[in-house]
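**Student:** First, the structure itself, so that you have it in front of you.
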Amino acid sequence: MSEHDAHGEPRSFWTKYVWSQDHKVIAIQYSLTAIAVGLVALVLSNLMRLQLGFPGAFPFIDPARYYQFVTMHGMIMVIYLLTALFLGGFGNYLIPLMVGARDMVFPYLNMLSFWMYLLAVLVLMAGFFVPGGPTGAGWTLYPPQAILPGTPGTEWGIVLMLVSLLIFIVAATMGGLNYVTTVLQARTRGMTLLRLPLTVWGIFVASILALFAFPALFVSGVMMLFDKLLGTSFFMPAIVSMGQPLKHAGGSPVLFQHLFWFFGHPEVYIVALPAFGIISDLISTHARKNIFGYRMMVWAIVAIGGLSFVVWAHHMYVSGMNPYFGYFFATTTLVIAVPTAIKVYNWVLTLWRGDIHLRVPMLFAIGFISTFAIGGLTGLFLGNVSVDIPLSDTYFVVAHFHMVMGVSPVLAIFGGIYHWYPKLTGRLLDERLGKLHFWVTFLGTYAIYMPMHYLGFLGMPRRYYAYEGYEFIPASAQDLNAFITVAALVVGVTQLVFLFNLAWSLRHGRPAGPNPWGATTLEWQTPDTPPRHGNWGETLPEVHRWAYDYSVPGAARDFIPQNVPQSAAPAGDDAPPADRHAGEGHA
Amino acid sequence: MSARSGILAALATKPWLPQPLPPVAAPRLPAATVGLRVLLGVIGVLFGLFAIALLVRARLPDWQPLAGTPTSPLAGLGPLWTNTALLAASSLALQAASGAARRGRLAATRFGLVLAGAAALAFLAGQGWVWWLFIATGHFVASHPAASFFYLLTGVHGLHLAGGLVALGRSVARAWRERSCVRVHAGVARCALYWHFLFAVWLVLFALLASPPATLAALADICGIR
Amino acid sequence: MAMVIALVVIVVASVVFHFASPWWFTPLASNWEQLDDTILITLVITGAVFVAVNLFVAVAILRFRHREGHRAAFEPENRRLEGRLTLLTTVGIVAMLAPGLYVYSEMIGPPADATGVEVLGQQWQWRFRFPGADGRLGRTDTRFVALDNPFGVNPDDPAGRDDVLVDSPELHLPLGRPVLLLLRSRDVLHDFFVPQFRAKMDLVPGLVSRFWFTPTRAGRFEVLCAELCGLAHYNMRGLVVVEDEAAFRTWLAAQPTFVAAGGEGR
Ligand code: HEM
Ligand SMILES: [Cu+2]
Ligand SMILES: [Cu+2]
């Protein structure tokens, strides 16, 4: 590690902020890029809502544009915002600091990962400027539709989308190798696996999922590019498209769906597991109480990660696949609900008998519990094969996945940013603006998505540009859609408050000191705030306890950082062991 | 703790109880080796998924096998066996280079590296030659699904080998820069591991591409594909 | 405090919304009431958990919010409590999964006497085909698709000659008789969905997918496409008319057969 000591600190602007190999700088590069492209996706969503709430009032949103917006919105949100921000942003920043390392184990690869990611984003955005525009195939990119006329963006858009995804996968693999190897290899002395904060566990397992799930997207993407550009028939059966017989023959569209969802379902957990970890740490820190059932939380993360590879076809109950698969996938899907439910129980049980400080990060964490609960519960409808049949491809699905993998992870991201911003900058984000941001976002998303479930019950299909002239839809549904749109606009505009807060607090925020929340984990114990290159000054920290020594009986303060030796905890060590570990009595 | 080791025991400890500080971290595997092993896992999944896609596609009625009849493009497997031998030679040479580097024999290491690189390049050229044979006999990428898979799988495999050649090139450069094997050995050993892995992948791909439909169907059955 | 109120309001508002909502399942028009029952079971269980979790959090915040001098408990885990919760969750899961799988087994096992009716999708219109007097549908292939043979029926297959072709998006079905829909697509994925029947299934080019139901209520029901199929996906309309046997027979007799439609002249 000699290249990372103080002498190796880069001096010039370019090596420090642009071609940086420092995980903290790369984390910020990743995060800012992800937030920027996420804003594009947010604007697209509001444009779609305008069309749905006030059909025809904005003539430039024609069906082609609508479908392009749906597709780009969905793909950007899932891949280029959430995946990139959780792994490339939070993972990069937090893993080395939380495990007590000076940097990622492969800093050069880490830098390369970011630049590949940026390239992927640029290729994706280029779609807006090529003839025919970006693809409008839906974020699932199902063939044959994705590459046939009748869908917008089949000239260039779909090719750019696939190429961008392939580049992204290379970037994510480079990043993932780093995150996984760093957690395995670079933990500081005393940092055993079970002393890792749950944030690291969540990101670690999510990185493993990413490493092993993205190849499926890669395979399907390459094969679809072949079908599109070289005329092969991997996924393309014999087709008469718009009256023209095509050269393709014999391929299987369902094969694509299997490959896509073999990636797609773990992808849900790639964004959920880091959120789980972050939320666990926010709740524990701000409730001043150890996370309840830590070991169970770790096992649940591992179990969910493993199970997430055997549930993919629950997205395909009405796809025409072999109907007997339904039994298997319904069962595995509902089994995964058990460890997921345990996580929710343990969060709420951590609150119980806590000392709850309702600071902004904690508000977001509690909001997460609520929205994640509803999203997880509606998943029980969609996972249970027969119940899914009437609901699949309706607004119930839209409501479900937005709650579970849209709103909830975004709340976790916001909570995480309010929580760790002081470490990045040395200043707190403004509390009042933060509360405004939280309340509008939290209540606003309920207003948007809660009623949507009922439109789904009614049978309104998703990915519809307009609903005019359908008799089974009462006129009142249009009023509801208008209401949802207004709520979505309000939520969308409120994100500007957050951006303003990010920028304003950089110079005007209250100085935070090294550890404003009284947290135990290592990132708050760095010699400098923000941490300098190499993170730890002369010597690496040593870890003497788990990450959750909050409110330890007999201790002077209500938290003991992980690097405080057992014997050095003020007044902590003279308490008898039985007393010290009160929770043991239940074991 | 010391008696029960392993990941399961580690996951069963009660972390809130005080534990003795472990001794200063014993020298573990170098990070690059761990990283490479994870990467091999990822590449293994990638080719595994390609293989499954092939098995599924081969079940559909329009599949024509690449080998087996006089008119099929792989009627004579000779060229592919030659390439296989080249890749095997490359793998063996790297293994020898790695062994030589471990024993500190720099000249032998250099020789093995160059030999391995040359054999790998010859393998790639040989694969290109088989592509050319395909084209010459009118089997283009979109002619029929098995041909599509042939180009796709050999292409992706070749790209992985080409990526390996970049790493190998760096090892060669280092072997010529250094005066002893101390800083050369680890890199060569990793190259060898990667090569063996790609050789194994190639054997599987070769088998899949040359198998008759009945074998593929049996394999698909074993994998639960229907 | 605001958080406590907000959570309680969310729970109350959700429950009130649920009961006051004019947006709800369309009245059932098929034999799948068991499916509706399973949905109801799922709704009750998940609704109860939703209310419980939110209220528990609200109470926890109310009781344990920070006050001066207050200190949290230290409780790493409680195996018995965790075990009980796991068990309870498992019971709830089984209570949803078991009826769900039971209904599913019904849904994928059409009765032997179900009439097969073909649904053919293309961007962006529906067509239907009934077997003729021989009770069998003729074989098809995209090779045979032409302006005068939109279904691509094989002209050499005798079973296809008497097939009744419905070259319009309006399908009539007899009341009370089970139908097995055989779904095909000429181009991209589509999905045949009539909300009142509950069941739906994708149309996949290159294969025939299927589902069955029995219409139990006469009337006119809209057909929607529920799988994104391009620009006019939202406008791929169709109609199912469920009527008594006699009316259905009259309608069917008025539709041309493959031969009469000129398909065999090629
Ligand atoms: C205020 C925030 C948001 C609003 C108003 C919004 C709105 C929408 C709308 C109107 C659609 C199209 C519905 C349809 O026509 O079927 C949609 C689709 C989608 N959204 Fe969002 N969304 C938001 C945030 C998010 C977030 C954070 C995610 C992250 C996972 C997300 C992921 C998706 C996905 C995956 C789709 C499906 C795209 C497709 O059907 O191909 N959205 N959203
Ligand atoms: Cu899923
Ligand atoms: Cu459609």
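By order in the structure tokens, chains are A, B, ...; within a chain, residues start at 1; ligands start at 1, following the order shown.
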Around ligand 2, out to 9 Å and counting only C-alpha atoms and all ligand atoms, which residues are there? I want them as a list in words.

**Tutor:** Trp261, Phe262, Gly264, His265, Pro266, Glu267, Val268, Tyr269, Ser308, Val311, Trp312, Ala313, His314, His315, Thr333, Gly379 and Gly383 of chain A

**Student:** Collect all residues with atoms no farther than 9 Å from ligand 3, counting only C-alpha atoms and all ligand atoms, and output them as a CSV table (one decimal) with C-alpha atoms, in the first residue's frame.

**Tutor:**
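Full text of selection_14.csv as output:
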chain,number,residue,atom,x,y,z
A,463,ARG,CA,-47.6,1.5,-21.2
A,464,TYR,CA,-50.8,3.1,-22.6
C,123,GLN,CA,-49.8,-4.8,-35.3
C,124,TRP,CA,-52.5,-3.6,-34.3
C,188,VAL,CA,-44.6,-9.1,-32.2
C,189,LEU,CA,-45.8,-9.9,-28.7
C,190,HIS,CA,-49.4,-8.9,-27.9
C,191,ASP,CA,-51.6,-9.9,-25.0
C,192,PHE,CA,-55.3,-10.8,-25.1
C,224,LEU,CA,-57.3,-4.8,-24.7
C,225,CYS,CA,-53.7,-5.5,-25.7
C,226,ALA,CA,-51.7,-5.9,-22.5
C,227,GLU,CA,-48.2,-6.4,-23.9
C,228,LEU,CA,-46.4,-3.4,-25.5
C,229,CYS,CA,-46.5,-4.0,-29.2
C,230,GLY,CA,-45.4,-0.6,-30.7
C,231,LEU,CA,-46.9,2.7,-31.4
C,232,ALA,CA,-50.6,1.9,-31.4
C,233,HIS,CA,-50.4,-0.6,-28.6
C,234,TYR,CA,-52.8,1.6,-26.6
C,235,ASN,CA,-55.3,1.5,-29.4
C,236,MET,CA,-55.4,-2.2,-30.3

**Student:** I need the chain C residues near chain B as a list in words; criterion: at most 10 Å, counting only C-alpha atoms.

**Tutor:** Glu75, Pro76 and Glu77 of chain C

**Student:** Mind writing the picked residues with N, CA and C atoms as a tab-separated table (two decimals), in the first residue's frame?

**Tutor:**
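Done, and the output landed in part-v2.tsv:
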chain	number	residue	atom	x	y	z
C	75	GLU	N	-30.14	-4.53	23.02
C	75	GLU	CA	-30.78	-5.82	22.79
C	75	GLU	C	-30.33	-6.38	21.45
C	76	PRO	N	-29.18	-7.11	21.43
C	76	PRO	CA	-28.66	-7.57	20.14
C	76	PRO	C	-29.63	-8.46	19.38
C	77	GLU	N	-30.24	-9.40	20.06
C	77	GLU	CA	-31.23	-10.19	19.34
C	77	GLU	C	-32.13	-10.91	20.32

**Student:** Using backbone DSSP assignments, extract all alpha helix (DSSP H) residues from stretch 44-138 of chain B; output them as a ChimeraX atom specification.

**Tutor:** /B:44-59,78-102,106-136

**Student:** List the spatial neighbours of B:Ala96 as a list in words - criterion: any atom at most 9 Å away, only C-alpha atoms, same-chain residues fewer than 2 positions off excluded.

**Tutor:**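 These residues fall inside the cut-off: Ser91, Leu92, Ala93, Leu94, Ser98, Gly99, Ala100, Ala101, Ala108, Thr109, Gly112, Leu113 and Ala192 of chain B.
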
**Student:** Output all heavy atoms for every residue in that selection, as a PDB file, in the first residue's frame.

**Tutor:**
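Output (selection-v8.pdb):
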ATOM      1  N   SER B  91      -1.372 -22.968 -23.286  1.00  0.00           N
ATOM      2  CA  SER B  91      -1.651 -23.154 -21.864  1.00  0.00           C
ATOM      3  C   SER B  91      -0.480 -23.854 -21.183  1.00  0.00           C
ATOM      4  O   SER B  91      -0.031 -23.449 -20.101  1.00  0.00           O
ATOM      5  CB  SER B  91      -2.917 -23.999 -21.742  1.00  0.00           C
ATOM      6  OG  SER B  91      -3.732 -23.514 -20.735  1.00  0.00           O
ATOM      7  N   LEU B  92       0.026 -24.900 -21.825  1.00  0.00           N
ATOM      8  CA  LEU B  92       1.128 -25.654 -21.240  1.00  0.00           C
ATOM      9  C   LEU B  92       2.377 -24.795 -21.121  1.00  0.00           C
ATOM     10  O   LEU B  92       3.070 -24.808 -20.096  1.00  0.00           O
ATOM     11  CB  LEU B  92       1.438 -26.885 -22.107  1.00  0.00           C
ATOM     12  CG  LEU B  92       0.497 -28.066 -21.898  1.00  0.00           C
ATOM     13  CD1 LEU B  92       0.840 -29.196 -22.868  1.00  0.00           C
ATOM     14  CD2 LEU B  92       0.592 -28.552 -20.457  1.00  0.00           C
ATOM     15  N   ALA B  93       2.633 -24.017 -22.167  1.00  0.00           N
ATOM     16  CA  ALA B  93       3.818 -23.170 -22.129  1.00  0.00           C
ATOM     17  C   ALA B  93       3.731 -22.183 -20.978  1.00  0.00           C
ATOM     18  O   ALA B  93       4.717 -21.923 -20.278  1.00  0.00           O
ATOM     19  CB  ALA B  93       3.959 -22.426 -23.458  1.00  0.00           C
ATOM     20  N   LEU B  94       2.528 -21.658 -20.758  1.00  0.00           N
ATOM     21  CA  LEU B  94       2.380 -20.711 -19.656  1.00  0.00           C
ATOM     22  C   LEU B  94       2.574 -21.411 -18.325  1.00  0.00           C
ATOM     23  O   LEU B  94       3.149 -20.856 -17.381  1.00  0.00           O
ATOM     24  CB  LEU B  94       1.007 -20.059 -19.702  1.00  0.00           C
ATOM     25  CG  LEU B  94       0.991 -18.680 -20.321  1.00  0.00           C
ATOM     26  CD1 LEU B  94      -0.411 -18.127 -20.328  1.00  0.00           C
ATOM     27  CD2 LEU B  94       1.898 -17.750 -19.535  1.00  0.00           C
ATOM     28  N   SER B  98       5.250 -20.394 -15.646  1.00  0.00           N
ATOM     29  CA  SER B  98       4.919 -20.099 -14.263  1.00  0.00           C
ATOM     30  C   SER B  98       5.791 -20.926 -13.318  1.00  0.00           C
ATOM     31  O   SER B  98       6.315 -20.416 -12.318  1.00  0.00           O
ATOM     32  CB  SER B  98       3.433 -20.373 -14.037  1.00  0.00           C
ATOM     33  OG  SER B  98       3.142 -20.426 -12.680  1.00  0.00           O
ATOM     34  N   GLY B  99       5.977 -22.219 -13.678  1.00  0.00           N
ATOM     35  CA  GLY B  99       6.829 -23.065 -12.836  1.00  0.00           C
ATOM     36  C   GLY B  99       8.259 -22.557 -12.836  1.00  0.00           C
ATOM     37  O   GLY B  99       8.907 -22.464 -11.779  1.00  0.00           O
ATOM     38  N   ALA B 100       8.739 -22.159 -13.998  1.00  0.00           N
ATOM     39  CA  ALA B 100      10.106 -21.664 -14.088  1.00  0.00           C
ATOM     40  C   ALA B 100      10.264 -20.395 -13.257  1.00  0.00           C
ATOM     41  O   ALA B 100      11.262 -20.223 -12.543  1.00  0.00           O
ATOM     42  CB  ALA B 100      10.454 -21.393 -15.552  1.00  0.00           C
ATOM     43  N   ALA B 101       9.243 -19.527 -13.329  1.00  0.00           N
ATOM     44  CA  ALA B 101       9.338 -18.283 -12.574  1.00  0.00           C
ATOM     45  C   ALA B 101       9.360 -18.562 -11.081  1.00  0.00           C
ATOM     46  O   ALA B 101      10.065 -17.906 -10.315  1.00  0.00           O
ATOM     47  CB  ALA B 101       8.168 -17.372 -12.934  1.00  0.00           C
ATOM     48  N   ALA B 108      14.117 -19.230 -18.724  1.00  0.00           N
ATOM     49  CA  ALA B 108      13.071 -20.184 -19.080  1.00  0.00           C
ATOM     50  C   ALA B 108      11.703 -19.526 -19.023  1.00  0.00           C
ATOM     51  O   ALA B 108      10.829 -19.782 -19.855  1.00  0.00           O
ATOM     52  CB  ALA B 108      13.130 -21.381 -18.133  1.00  0.00           C
ATOM     53  N   THR B 109      11.528 -18.664 -18.046  1.00  0.00           N
ATOM     54  CA  THR B 109      10.253 -17.953 -17.943  1.00  0.00           C
ATOM     55  C   THR B 109       9.991 -17.145 -19.208  1.00  0.00           C
ATOM     56  O   THR B 109       8.909 -17.207 -19.792  1.00  0.00           O
ATOM     57  CB  THR B 109      10.288 -16.999 -16.731  1.00  0.00           C
ATOM     58  OG1 THR B 109      10.723 -17.735 -15.598  1.00  0.00           O
ATOM     59  CG2 THR B 109       8.936 -16.402 -16.485  1.00  0.00           C
ATOM     60  N   GLY B 112       9.096 -19.399 -22.079  1.00  0.00           N
ATOM     61  CA  GLY B 112       7.725 -19.919 -21.977  1.00  0.00           C
ATOM     62  C   GLY B 112       6.688 -18.857 -22.326  1.00  0.00           C
ATOM     63  O   GLY B 112       5.710 -19.118 -23.031  1.00  0.00           O
ATOM     64  N   LEU B 113       6.928 -17.644 -21.847  1.00  0.00           N
ATOM     65  CA  LEU B 113       5.961 -16.575 -22.111  1.00  0.00           C
ATOM     66  C   LEU B 113       5.840 -16.308 -23.605  1.00  0.00           C
ATOM     67  O   LEU B 113       4.734 -16.190 -24.143  1.00  0.00           O
ATOM     68  CB  LEU B 113       6.394 -15.296 -21.393  1.00  0.00           C
ATOM     69  CG  LEU B 113       6.199 -15.266 -19.876  1.00  0.00           C
ATOM     70  CD1 LEU B 113       6.794 -13.987 -19.293  1.00  0.00           C
ATOM     71  CD2 LEU B 113       4.715 -15.341 -19.540  1.00  0.00           C
ATOM     72  N   ALA B 192      -1.368 -17.824 -16.375  1.00  0.00           N
ATOM     73  CA  ALA B 192      -1.537 -19.257 -16.605  1.00  0.00           C
ATOM     74  C   ALA B 192      -2.933 -19.704 -16.185  1.00  0.00           C
ATOM     75  O   ALA B 192      -3.619 -20.438 -16.908  1.00  0.00           O
ATOM     76  CB  ALA B 192      -0.468 -20.029 -15.847  1.00  0.00           C
TER      77      ALA B 192
END

**Student:** If we count only C-alpha atoms and set the cut-off at 6 Å, which residues sit around stretch 178-185 of chain A, ignoring sequence neighbours fewer than 2 positions away in its own chain? Please answer as a list in words.

**Tutor:**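 In the requested format, the answer is Met104, Val105, Gly175, Gly176, Arg187 and Phe204 of chain A; Gly35 of chain B.
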
**Student:** Atom CA of A:Tyr80 and atom CA of A:Leu211, how far apart in Å?

**Tutor:**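 Spanning atom CA of A:Leu211 to atom CA of A:Tyr80 is a straight-line distance of 15.9 Å.
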
**Student:** Can you build me a table of stretch 54-137 of chain B residues sitting at most 8 Å from stretch 152-169 of chain B, with the closest atom pair per residue and its distance in Å to one decimal, using only C-alpha atoms, sorted by chain and residue number, as JSON lines?

**Tutor:**
{"residue": "B:Leu113", "atom": "CA", "partner": "B:Leu168", "partner_atom": "CA", "distance": 7.7}
{"residue": "B:Gly117", "atom": "CA", "partner": "B:Leu165", "partner_atom": "CA", "distance": 7.0}
{"residue": "B:Ala120", "atom": "CA", "partner": "B:Leu161", "partner_atom": "CA", "distance": 7.8}
{"residue": "B:Leu124", "atom": "CA", "partner": "B:Gly158", "partner_atom": "CA", "distance": 6.5}
{"residue": "B:Gln127", "atom": "CA", "partner": "B:Thr154", "partner_atom": "CA", "distance": 7.5}

**Student:** So how far away is atom CA of A:Phe328 from atom CA of C:Gly100, in Å?

**Tutor:**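 Separation of atom CA of C:Gly100 and atom CA of A:Phe328: 12.5 Å.
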
**Student:** When you look at C:Arg237 with a cut-off of 8 Å (counting only C-alpha atoms), what residues show up, excluding the ones that are within fewer than 4 positions of it in the same chain? I need them as a VMD selection string.

**Tutor:** chain C and resid 125 to 126 169 222 to 225

**Student:** Pick from B:Phe197, B:Ser171, B:Leu209, B:Gly104: nearest to B:Leu39, with only C-alpha atoms counted?

**Tutor:**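 The answer is B:Phe197, which sits nearest to B:Leu39.
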
**Student:** Could you check the closest approach to A:Gly537 for each of A:Phe13, A:Met77, A:Pro107, A:Ala101 and tell me which residue wins, using only C-alpha atoms?

**Tutor:**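 The shortest atom-to-atom distance to A:Gly537 comes from A:Ala101.
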